[in-house]
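Pasted below: my_file-v5.cif, mmCIF, C-alpha atoms.
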```cif
data_work
loop_
_atom_site.label_atom_id
_atom_site.label_comp_id
_atom_site.auth_asym_id
_atom_site.auth_seq_id
_atom_site.Cartn_x
_atom_site.Cartn_y
_atom_site.Cartn_z
CA MET A 1 1.61 -38.66 15.97
CA THR A 2 -0.27 -41.69 17.33
CA ASP A 3 -3.20 -41.31 14.95
CA ILE A 4 -1.20 -41.55 11.75
CA THR A 5 -2.68 -44.19 9.46
CA LYS A 6 -1.21 -45.74 6.36
CA GLU A 7 -3.41 -46.16 3.29
CA ASP A 8 -1.92 -47.34 0.02
CA GLY A 9 1.54 -46.53 1.27
CA VAL A 10 0.67 -42.87 1.93
CA ILE A 11 0.92 -41.58 5.47
CA GLN A 12 -2.30 -39.80 6.40
CA PRO A 13 -1.90 -37.19 9.12
CA SER A 14 -4.63 -36.91 11.68
CA ASP A 15 -6.89 -33.86 11.99
CA GLU A 16 -4.99 -32.88 15.07
CA ASP A 17 -1.69 -32.97 13.14
CA LEU A 18 -3.18 -30.85 10.38
CA GLN A 19 -4.38 -28.32 12.92
CA ARG A 20 -0.93 -28.19 14.48
CA LEU A 21 0.64 -27.75 11.06
CA GLU A 22 -1.76 -24.94 10.20
CA LYS A 23 -0.91 -23.25 13.48
CA ALA A 24 2.81 -23.57 12.79
CA LEU A 25 2.44 -22.09 9.31
CA ASP A 26 0.34 -19.27 10.71
CA PHE A 27 3.03 -18.65 13.25
CA SER A 28 5.64 -18.54 10.50
CA ASN A 29 3.66 -15.70 8.90
CA THR A 30 3.69 -13.88 12.22
CA MET A 31 7.44 -14.45 12.50
CA LYS A 32 8.00 -13.13 8.98
CA THR A 33 6.25 -9.90 9.87
CA PHE A 34 8.03 -9.75 13.21
CA ASN A 35 11.46 -10.31 11.64
CA LEU A 36 10.91 -7.68 8.98
CA SER A 37 9.82 -5.11 11.55
CA LYS A 38 12.74 -6.05 13.81
CA ASN A 39 15.23 -5.64 10.95
CA ASN A 40 13.74 -2.30 10.01
CA LEU A 41 14.05 -1.15 13.62
CA LYS A 42 17.66 -2.33 13.67
CA VAL A 43 18.52 -0.38 10.52
CA LYS A 44 16.78 2.70 11.86
CA THR A 45 18.82 2.44 15.04
CA GLN A 46 22.07 2.07 13.10
CA ASN A 47 21.23 5.13 11.03
CA LEU A 48 20.30 7.19 14.06
CA LEU A 49 23.50 6.27 15.90
CA SER A 50 25.43 8.87 13.97
CA TYR A 51 27.14 11.86 15.52
CA SER A 52 28.94 14.57 13.58
CA THR A 53 31.31 17.19 14.92
CA ALA A 54 34.36 19.14 13.79
CA GLY A 55 33.75 18.08 10.19
CA GLY A 56 33.73 14.34 10.91
CA SER A 57 31.00 11.73 11.27
CA PHE A 58 31.11 9.01 13.90
CA SER A 59 29.15 5.79 14.23
CA VAL A 60 28.27 5.71 17.89
CA ASP A 61 28.67 2.31 19.51
CA GLN A 62 29.84 0.76 22.74
CA SER A 63 33.48 0.64 21.65
CA LEU A 64 33.56 4.36 20.81
CA ILE A 65 32.03 5.16 24.19
CA SER A 66 34.45 2.83 26.01
CA PHE A 67 37.43 4.29 24.18
CA MET A 68 36.33 7.85 24.90
CA ASN A 69 35.77 6.92 28.52
CA PHE A 70 39.38 5.70 28.64
CA VAL A 71 40.55 8.93 26.97
CA VAL A 72 38.72 11.11 29.46
CA SER A 73 39.82 8.95 32.43
CA SER A 74 43.43 9.30 31.24
CA GLY A 75 43.11 13.05 31.53
CA LYS A 76 43.40 13.77 27.80
CA THR A 77 41.29 16.77 26.93
CA GLU A 78 42.14 16.95 23.23
CA ILE A 79 42.75 14.09 20.80
CA SER A 80 42.73 13.14 17.13
CA LEU A 81 40.19 10.44 16.41
CA LEU A 82 39.38 8.43 13.27
CA ASP A 83 35.81 8.99 12.13
CA LYS A 84 33.59 6.46 10.29
CA ASN A 85 35.34 7.31 7.01
CA ASP A 86 38.75 6.77 8.64
CA ILE A 87 39.52 10.47 8.44
CA PRO A 88 41.37 11.88 11.47
CA ILE A 89 39.31 14.49 13.26
CA ARG A 90 40.52 16.80 16.03
CA ILE A 91 38.33 16.56 19.11
CA GLU A 92 39.01 19.61 21.22
CA ASP A 93 36.81 18.79 24.18
CA THR A 94 36.87 15.06 24.87
CA GLU A 95 34.59 15.27 27.89
CA LYS A 96 31.86 17.05 25.93
CA PHE A 97 32.29 14.58 23.06
CA LEU A 98 31.91 11.62 25.44
CA GLU A 99 28.86 13.15 27.05
CA GLU A 100 27.18 13.80 23.70
CA VAL A 101 27.88 10.41 22.12
CA SER A 102 26.82 8.63 25.32
CA SER A 103 23.56 10.49 25.59
CA LEU A 104 22.83 9.88 21.90
CA TYR A 105 23.53 6.17 22.40
CA PHE A 106 21.30 5.89 25.46
CA GLU A 107 18.47 7.80 23.84
CA VAL A 108 18.49 5.86 20.54
CA VAL A 109 18.98 2.42 22.09
CA ASN A 110 16.32 3.12 24.69
CA ASP A 111 13.87 3.97 21.90
CA TYR A 112 14.91 0.75 20.16
CA TYR A 113 14.25 -1.17 23.38
CA ASN A 114 10.78 0.34 23.80
CA GLU A 115 9.80 -0.29 20.21
CA TYR A 116 11.22 -3.81 20.29
CA GLN A 117 9.27 -4.61 23.48
CA GLN A 118 6.10 -3.35 21.87
CA LEU A 119 6.80 -5.53 18.85
CA ARG A 120 7.61 -8.59 20.96
CA SER A 121 4.68 -8.32 23.31
CA SER A 122 2.13 -8.08 20.57
CA ARG A 123 1.44 -11.01 18.30
CA LYS A 124 -1.04 -9.00 16.31
CA ILE A 125 0.51 -6.74 13.68
CA GLU A 126 -2.59 -4.52 13.80
CA LYS A 127 -1.68 -3.59 17.35
CA VAL A 128 1.94 -2.75 16.56
CA LEU A 129 1.03 -0.68 13.54
CA GLU A 130 -1.97 0.89 15.27
CA ILE A 131 -4.26 0.15 12.34
CA MET B 1 28.80 29.34 3.98
CA SER B 2 25.40 29.04 2.32
CA LYS B 3 23.66 25.68 2.67
CA GLY B 4 20.97 24.46 0.35
CA ILE B 5 18.98 21.35 -0.41
CA ILE B 6 18.34 20.75 -4.11
CA ILE B 7 15.66 18.52 -5.63
CA PHE B 8 15.22 17.83 -9.35
CA ALA B 9 11.84 17.39 -11.01
CA GLN B 10 10.92 17.04 -14.65
CA ASN B 11 7.47 15.68 -15.40
CA ASN B 12 6.85 12.93 -17.88
CA GLU B 13 3.66 11.31 -19.16
CA TYR B 14 3.67 8.88 -16.23
CA VAL B 15 4.42 10.89 -13.09
CA ASN B 16 3.96 14.45 -11.89
CA TYR B 17 7.46 14.71 -10.47
CA ALA B 18 6.85 18.30 -9.38
CA GLU B 19 4.21 17.15 -6.91
CA THR B 20 6.42 14.44 -5.42
CA ALA B 21 9.31 16.92 -5.23
CA CYS B 22 7.07 19.31 -3.29
CA ALA B 23 6.14 16.48 -0.93
CA CYS B 24 9.85 15.69 -0.38
CA ALA B 25 10.66 19.36 0.16
CA GLY B 26 7.87 19.56 2.75
CA PHE B 27 9.26 16.57 4.65
CA ALA B 28 12.83 17.93 4.46
CA ARG B 29 11.71 21.31 5.81
CA LYS B 30 9.74 19.69 8.61
CA ASN B 31 12.54 17.38 9.77
CA LEU B 32 15.72 19.35 9.09
CA SER B 33 16.61 22.77 10.43
CA LEU B 34 20.19 23.69 9.60
CA PHE B 35 19.84 24.50 5.88
CA ASP B 36 19.25 27.96 4.41
CA GLU B 37 17.04 27.12 1.45
CA ILE B 38 15.34 24.32 -0.44
CA CYS B 39 15.68 24.73 -4.19
CA LEU B 40 13.94 23.04 -7.11
CA ILE B 41 15.65 22.56 -10.45
CA THR B 42 13.05 21.96 -13.13
CA ASN B 43 12.16 22.70 -16.74
CA THR B 44 9.76 25.32 -18.09
CA GLU B 45 6.97 22.87 -18.85
CA THR B 46 6.98 21.30 -15.38
CA PHE B 47 7.20 24.68 -13.69
CA GLU B 48 4.32 26.16 -15.65
CA GLN B 49 2.11 23.17 -14.91
CA ASN B 50 2.71 23.37 -11.14
CA GLU B 51 3.78 26.93 -10.41
CA THR B 52 1.49 27.61 -7.43
CA LEU B 53 2.35 24.39 -5.63
CA ILE B 54 6.07 24.74 -6.33
CA ASN B 55 6.11 28.27 -4.90
CA GLU B 56 4.50 26.99 -1.71
CA TYR B 57 7.22 24.42 -1.01
CA PHE B 58 10.44 25.84 -2.46
CA ASP B 59 12.47 28.89 -1.47
CA ARG B 60 14.13 29.07 -4.85
CA ILE B 61 13.33 27.70 -8.29
CA ILE B 62 15.87 27.27 -11.07
CA VAL B 63 14.40 26.64 -14.50
CA THR B 64 16.68 25.06 -17.06
CA ASP B 65 15.76 23.51 -20.39
CA SER B 66 18.90 21.60 -21.14
CA PHE B 67 18.76 18.92 -23.81
CA GLN B 68 17.48 15.59 -22.52
CA PRO B 69 18.28 12.63 -24.78
CA THR B 70 15.68 9.88 -25.00
CA ASN B 71 15.83 7.62 -21.97
CA THR B 72 13.01 5.15 -21.55
CA ARG B 73 12.39 3.35 -18.34
CA LEU B 74 10.06 0.62 -17.13
CA PHE B 75 8.04 2.03 -14.25
CA LYS B 76 6.47 -0.42 -11.83
CA ASP B 77 3.57 0.10 -9.49
CA THR B 78 3.97 -3.06 -7.40
CA ALA B 79 4.65 -6.28 -9.29
CA ASP B 80 1.28 -6.19 -11.04
CA LYS B 81 1.41 -2.99 -13.05
CA THR B 82 4.20 -1.90 -15.36
CA GLU B 83 4.48 0.87 -17.91
CA TYR B 84 7.23 2.26 -20.10
CA ALA B 85 7.67 6.03 -20.02
CA SER B 86 10.34 8.62 -20.72
CA PHE B 87 12.75 9.27 -17.87
CA LYS B 88 14.30 12.73 -17.68
CA ASN B 89 17.15 12.27 -15.27
CA MET B 90 20.11 13.73 -17.10
CA SER B 91 20.34 17.19 -15.52
CA ARG B 92 21.97 15.90 -12.36
CA SER B 93 25.48 16.43 -13.73
CA GLU B 94 24.76 20.15 -14.07
CA VAL B 95 24.00 20.64 -10.40
CA TYR B 96 27.51 21.82 -9.57
CA GLU B 97 27.15 24.76 -11.96
CA LEU B 98 23.52 25.40 -11.13
CA SER B 99 23.76 25.27 -7.35
CA PRO B 100 23.97 28.75 -5.84
CA TYR B 101 25.15 27.33 -2.51
CA ASP B 102 28.59 26.77 -1.00
CA GLU B 103 27.32 23.49 0.41
CA THR B 104 24.64 21.49 -1.36
CA LEU B 105 22.64 18.44 -0.41
CA VAL B 106 21.01 16.92 -3.49
CA ILE B 107 18.14 14.54 -2.84
CA ASP B 108 15.98 12.59 -5.26
CA GLY B 109 12.39 13.70 -5.65
CA ASP B 110 11.26 10.45 -4.04
CA TYR B 111 13.50 10.58 -0.97
CA PHE B 112 11.52 11.35 2.17
CA ILE B 113 13.54 12.75 5.03
CA MET B 114 11.94 11.67 8.31
CA ASN B 115 14.63 12.42 10.90
CA ASN B 116 17.32 15.04 11.43
CA VAL B 117 20.44 12.95 10.72
CA LEU B 118 21.10 14.79 7.45
CA ASP B 119 21.45 18.03 9.43
CA GLN B 120 24.89 16.61 10.24
CA VAL B 121 26.21 17.01 6.68
CA TRP B 122 26.79 20.74 6.94
CA ASP B 123 30.33 21.98 7.67
CA SER B 124 31.71 18.55 6.88
CA ASP B 125 35.42 18.21 6.19
CA ASN B 126 34.55 16.12 3.13
CA ASP B 127 34.09 17.69 -0.30
CA VAL B 128 31.69 14.98 -1.43
CA MET B 129 29.65 12.44 0.53
CA ILE B 130 27.66 9.64 -1.08
CA ASN B 131 26.65 6.13 0.03
CA TYR B 132 27.03 2.72 -1.51
CA LYS B 133 25.62 0.77 1.41
CA TYR B 134 21.89 0.42 1.23
CA ARG B 135 19.12 -1.56 2.82
CA ASP B 136 16.03 -2.90 1.17
CA VAL B 137 13.03 -2.31 3.46
CA SER B 138 11.52 -5.64 2.42
CA GLY B 139 14.68 -7.59 3.16
CA ARG B 140 14.73 -9.09 -0.35
CA HIS B 141 18.29 -8.03 -1.12
CA LYS B 142 20.47 -9.61 1.51
CA GLU B 143 23.65 -7.83 0.46
CA HIS B 144 24.09 -4.21 1.44
CA ILE B 145 26.17 -3.38 -1.61
CA GLU B 146 25.05 -3.43 -5.20
CA TYR B 147 27.50 -3.58 -8.08
CA ILE B 148 27.16 -2.02 -11.54
CA ASP B 149 27.60 -5.61 -12.68
CA ASN B 150 28.79 -8.79 -10.96
CA PHE B 151 32.24 -8.17 -12.45
CA SER B 152 32.32 -4.41 -12.06
CA ILE B 153 32.66 -1.68 -9.44
CA PRO B 154 30.39 -1.00 -6.43
CA MET B 155 27.40 1.17 -7.17
CA TYR B 156 27.13 4.45 -5.32
CA TRP B 157 23.57 5.71 -4.91
CA ALA B 158 23.13 9.20 -6.35
CA THR B 159 19.84 9.40 -4.41
CA VAL B 160 21.45 11.57 -1.75
CA VAL B 161 24.68 13.42 -2.51
CA TYR B 162 26.41 16.12 -0.51
CA PHE B 163 29.04 18.36 -2.06
CA LYS B 164 30.72 21.62 -1.34
CA LYS B 165 32.18 23.94 -3.95
CA SER B 166 35.68 22.50 -4.27
CA ASP B 167 38.10 21.15 -6.87
CA TYR B 168 37.17 17.56 -6.05
CA ALA B 169 33.45 18.14 -6.50
CA GLU B 170 33.93 20.24 -9.63
CA ASN B 171 36.04 17.52 -11.23
CA LEU B 172 33.56 14.87 -10.19
CA PHE B 173 30.66 16.64 -11.90
CA THR B 174 32.80 17.33 -14.99
CA LEU B 175 33.40 13.58 -15.23
CA VAL B 176 29.73 12.74 -14.64
CA SER B 177 28.84 15.09 -17.47
CA HIS B 178 31.47 13.55 -19.74
CA ILE B 179 30.19 10.04 -18.97
CA LYS B 180 26.63 11.17 -19.65
CA HIS B 181 27.61 12.45 -23.11
CA ASN B 182 29.62 9.31 -23.91
CA TYR B 183 27.47 6.83 -22.08
CA LYS B 184 27.67 3.96 -24.57
CA TYR B 185 31.45 3.84 -24.27
CA TYR B 186 31.44 3.83 -20.48
CA TYR B 187 28.48 1.49 -20.41
CA TYR B 188 30.57 -1.18 -22.15
CA LEU B 189 33.80 -0.23 -20.40
CA TYR B 190 32.23 -0.80 -16.99
CA ASN B 191 30.18 -3.79 -18.08
CA CYS B 192 26.90 -2.17 -17.07
CA SER B 193 23.64 -4.06 -16.97
CA GLY B 194 20.34 -2.71 -18.36
CA ASN B 195 19.91 -0.10 -21.07
CA LEU B 196 18.77 2.79 -18.92
CA TYR B 197 21.05 5.76 -18.24
CA ARG B 198 21.36 5.80 -14.49
CA ASN B 199 22.85 8.62 -12.46
CA ASP B 200 23.92 5.97 -9.94
CA PHE B 201 26.08 4.34 -12.62
CA ALA B 202 27.47 7.64 -13.95
CA PHE B 203 28.42 8.79 -10.43
CA SER B 204 29.99 5.41 -9.61
CA MET B 205 32.12 5.45 -12.76
CA ALA B 206 33.09 9.09 -12.25
CA LEU B 207 34.13 8.41 -8.66
CA HIS B 208 36.13 5.39 -9.79
CA ILE B 209 37.96 7.39 -12.48
CA LEU B 210 38.50 10.37 -10.18
CA ASN B 211 40.09 8.13 -7.56
CA GLY B 212 42.64 6.72 -9.98
CA SER B 213 40.58 3.80 -11.30
CA VAL B 214 41.52 1.63 -8.34
CA ALA B 215 39.61 0.38 -5.32
CA PHE B 216 38.57 3.42 -3.38
CA ASP B 217 36.40 4.72 -0.57
CA VAL B 218 34.36 7.86 -0.87
CA PRO B 219 33.22 9.39 2.42
CA ALA B 220 29.74 8.21 3.31
CA LEU B 221 26.86 10.38 4.49
CA PRO B 222 26.23 10.38 8.25
CA PHE B 223 23.70 7.56 8.06
CA THR B 224 24.93 4.00 7.56
CA TYR B 225 22.39 2.72 5.05
CA LEU B 226 20.28 4.27 2.38
CA ASN B 227 16.83 2.91 3.20
CA ASN B 228 15.34 1.82 -0.12
CA SER B 229 11.76 0.83 -0.76
CA PHE B 230 11.63 -0.53 -4.32
CA ASP B 231 8.86 -0.05 -6.85
CA ILE B 232 7.25 -3.39 -6.07
CA ASP B 233 6.48 -2.14 -2.56
CA ASP B 234 3.49 0.08 -1.85
CA ILE B 235 2.34 2.60 0.71
CA PHE B 236 -0.35 1.63 3.22
CA ARG B 237 -0.69 4.92 5.07
CA VAL B 238 1.12 8.21 5.71
CA ASN B 239 0.57 8.92 9.40
CA SER B 240 2.71 12.03 9.81
CA HIS B 241 5.93 13.78 8.78
CA ASN B 242 7.96 10.94 10.33
CA ASP B 243 5.67 7.95 10.29
CA ILE B 244 4.75 5.90 7.22
CA ILE B 245 3.34 2.35 7.02
CA MET B 246 4.51 0.44 3.95
CA TYR B 247 3.39 -2.68 2.17
CA CYS B 248 6.74 -4.42 1.72
CA ALA B 249 6.83 -7.03 -1.04
CA ASP B 250 7.40 -10.50 0.38
CA ALA B 251 10.89 -11.76 -0.40
CA GLU B 252 9.53 -15.16 -1.50
CA ARG B 253 6.36 -14.01 -3.28
CA ILE B 254 6.68 -10.44 -4.47
CA THR B 255 2.99 -10.15 -5.29
CA GLU B 256 2.24 -10.55 -1.60
CA HIS B 257 3.08 -7.85 0.92
CA ILE B 258 3.99 -7.55 4.58
CA LEU B 259 3.09 -4.44 6.53
CA SER B 260 5.90 -2.60 8.25
CA ARG B 261 5.96 0.75 9.97
CA PHE B 262 8.75 3.30 9.48
CA THR B 263 9.07 6.01 12.07
CA ASN B 264 11.86 8.51 12.44
CA THR B 265 13.82 7.00 9.54
CA ASP B 266 14.38 8.29 6.01
CA LEU B 267 12.72 6.39 3.17
CA HIS B 268 13.56 6.29 -0.52
CA ILE B 269 10.18 5.36 -2.02
CA MET B 270 10.69 4.28 -5.62
CA ASN B 271 7.07 3.45 -6.39
CA LYS B 272 6.07 6.80 -7.91
CA LYS B 273 2.43 5.85 -8.42
CA ALA B 274 2.17 4.93 -4.74
CA ILE B 275 3.46 8.39 -3.81
CA ALA B 276 0.94 9.92 -6.24
CA ARG B 277 -1.91 8.00 -4.55
CA PHE B 278 -0.94 9.53 -1.21
CA ILE B 279 0.24 12.90 -2.48
CA ASP B 280 -2.37 14.86 -0.50
CA ASP B 281 -1.26 13.21 2.75
CA PHE B 282 2.41 13.81 1.98
CA LEU B 283 1.78 17.46 1.19
CA LEU B 284 -0.41 17.89 4.26
CA HIS B 285 2.20 16.51 6.67
CA GLY B 286 5.12 18.43 5.15
CA GLU B 287 5.99 22.01 5.88
CA LYS B 288 5.61 24.84 3.40
CA VAL B 289 7.85 27.89 3.02
CA ASN B 290 7.33 30.40 5.87
CA GLU B 291 5.03 28.08 7.79
#
```
What does the file become when written as structure tokens?
Amino acid sequence: MTDITKEDGVIQPSDEDLQRLEKALDFSNTMKTFNLSKNNLKVKTQNLLSYSTAGGSFSVDQSLISFMNFVVSSGKTEISLLDKNDIPIRIEDTEKFLEEVSSLYFEVVNDYYNEYQQLRSSRKIEKVLEI
Amino acid sequence: MSKGIIIFAQNNEYVNYAETACACAGFARKNLSLFDEICLITNTETFEQNETLINEYFDRIIVTDSFQPTNTRLFKDTADKTEYASFKNMSRSEVYELSPYDETLVIDGDYFIMNNVLDQVWDSDNDVMINYKYRDVSGRHKEHIEYIDNFSIPMYWATVVYFKKSDYAENLFTLVSHIKHNYKYYYYLYNCSGNLYRNDFAFSMALHILNGSVAFDVPALPFTYLNNSFDIDDIFRVNSHNDIIMYCADAERITEHILSRFTNTDLHIMNKKAIARFIDDFLLHGEKVNE
């Protein structure tokens, strides 16, 4: 900011400042694209983290897995569980349920991780989109 | 229990809906596996214009020429191009009677299934499943819920609806049909916005009435959000049966677009002209009957 001059009361930025500003605005375009892609990945992940069994649908997340882990550790083999629509669903094999929701979670979140890393590591949208 | 996917298509002067319905059927067949049939409900004119193509993508075709009152809609092809055309969307209420299946998944003719999450609808305990939470792929709409009006009820999206033959579903479709035939009354009663008859509105009102006209929750489909691309967005490229790159209209300047890639996630693509521009790619990447 040392090169700023004042002419007729108007602050004139230096060429260097203008270049910096242009770079920042360019970067904001990159961030806009990055944020949109990140949000779309997040929504995709939320949609894929769905598991249905015994007539119910469950949103798979860490709390469901933790709760099911507690259920299985407590030796309960059969329970009633509220699904994403708050409808009670009978789970007849808790161990199998835990195994299936856990593996779905790991698979989907791992894909999210890989795609997010690809997005993060590349500043050029052409690379991410392979165009 | 028979399980079928149903798509509606009735051509107008603006869009060949039969072609887009075939593209959607091809994507559904490629990405889902637990259904028995994919069925098209159409009218005689549309069927006769596209018979060969329709037979390639659908297991069953139901032709019905029910009366369609005038319904005019503004179609957009990005923010630059707009055109008014007739909109024949009033057969949806008849699907309960027309569906030959015990369990039916109705999808719009512009809803592209790109993963297998909707395989989870079958054998559900719920008689009807429909979503009100949605996501705008461009991030323009920050809220995930739309209302019929700011002072009215939440809007359920009739884009994807699951139902099984049951009292609840039968009564729901009876009410949708009643609302359709008395739309002006319900339009004012529910403080609707816009002049267009919308299935989304009719379903939302019917669900509200059916649930005692109080705040209610209808079971949602297995996915959390309906993934909507609006008609001001465009398609950049169709890579495969589960990979599409979109031009998403910039939230600040809708005439400018940001590229974003959608893999392994369903997409409701409302820009019909964009689908038409890429129809060969959509048809190529989808799966035909007995393929």
**Message:** Show me, as a count of residues only, every residue of chain A with an atom at most 6 Å from chain B, counting only C-alpha atoms.
**Reply:** 8
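Residues in contact with range 197-213 of chain B at 7 Å, where only C-alpha atoms are counted and same-chain residues fewer than 6 positions away are skipped, are listed as B:Asn71, B:Ile148, B:Met155, B:Tyr156, B:Trp157, B:Ala158, B:Leu172, B:Leu175, B:Val176, B:Ile179, B:Lys180.
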**Request:** Write out as a ChimeraX atom specification which residues come within 10 Å of range 98-101 of chain A when counting only C-alpha atoms, dropping same-chain ones fewer than 2 positions away.
**Result:** /A:49-52,58-62,64-69,71-72,93-96,103-107
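For the pair CA of Asp36 in chain B and CA of Leu105 in chain B, the interatomic distance is 11.2 Å.
CA of His144 in chain B is positioned 8.1 Å from CA of Tyr132 in chain B.
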**Prompt:** So how far away is CA of Tyr101 in chain B from CA of Thr46 in chain B, in Å?
**Reply:** 23.1 Å
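Using all atoms listed in the file, the residues found no farther than 12 Å from Gln117 in chain A, other than those of its own chain fewer than 3 positions away, are Phe34, Ser37, Lys38, Leu41, Asn110, Asp111, Tyr112, Tyr113, Asn114, Arg120, Ser121, Ser122, Arg123 and Val128 of chain A.
The residues caught by the PyMOL selection byres ((chain B and resi 164) around 8) in this file are Asp102, Glu103, Thr104, Asp127, Val128, Tyr162, Phe163, Lys165, Ser166 and Ala169 of chain B.
Closest approach to Val160 in chain B from the set B:Asn182, B:Asn239, B:Ser99, B:Asn228 is made by B:Asn228, with distances taken over only C-alpha atoms.
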**Selected residue of minimal separation from Leu267 in chain B among A:Ser74, A:Gln118, A:Asn40, A:Ser14, counting all atoms listed in the file** = A:Asn40
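Selection result for the displayed file, with the PyMOL selection byres ((chain B and resi 92-97) around 6) as criterion, is Met90, Ser91, Leu98, Ser99, Phe173, Val176 and Ser177 of chain B.
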Write the selection just made, keeping C-alpha atoms, as a PDB file, in the coordinates of the input?
```
ATOM      1  CA  MET B  90      20.110  13.730 -17.100  1.00  0.00           C
ATOM      2  CA  SER B  91      20.340  17.190 -15.520  1.00  0.00           C
ATOM      3  CA  LEU B  98      23.520  25.400 -11.130  1.00  0.00           C
ATOM      4  CA  SER B  99      23.760  25.270  -7.350  1.00  0.00           C
ATOM      5  CA  PHE B 173      30.660  16.640 -11.900  1.00  0.00           C
ATOM      6  CA  VAL B 176      29.730  12.740 -14.640  1.00  0.00           C
ATOM      7  CA  SER B 177      28.840  15.090 -17.470  1.00  0.00           C
TER       8      SER B 177
END
```
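Contact shell of Asn290 in chain B at 12 Å (all atoms listed in the file; same-chain neighbours under 3 positions omitted): Gly26, Arg29, Lys30, Glu37, Ile38, Asn55, Glu56, Tyr57, Phe58, Asp59 and Glu287 of chain B.
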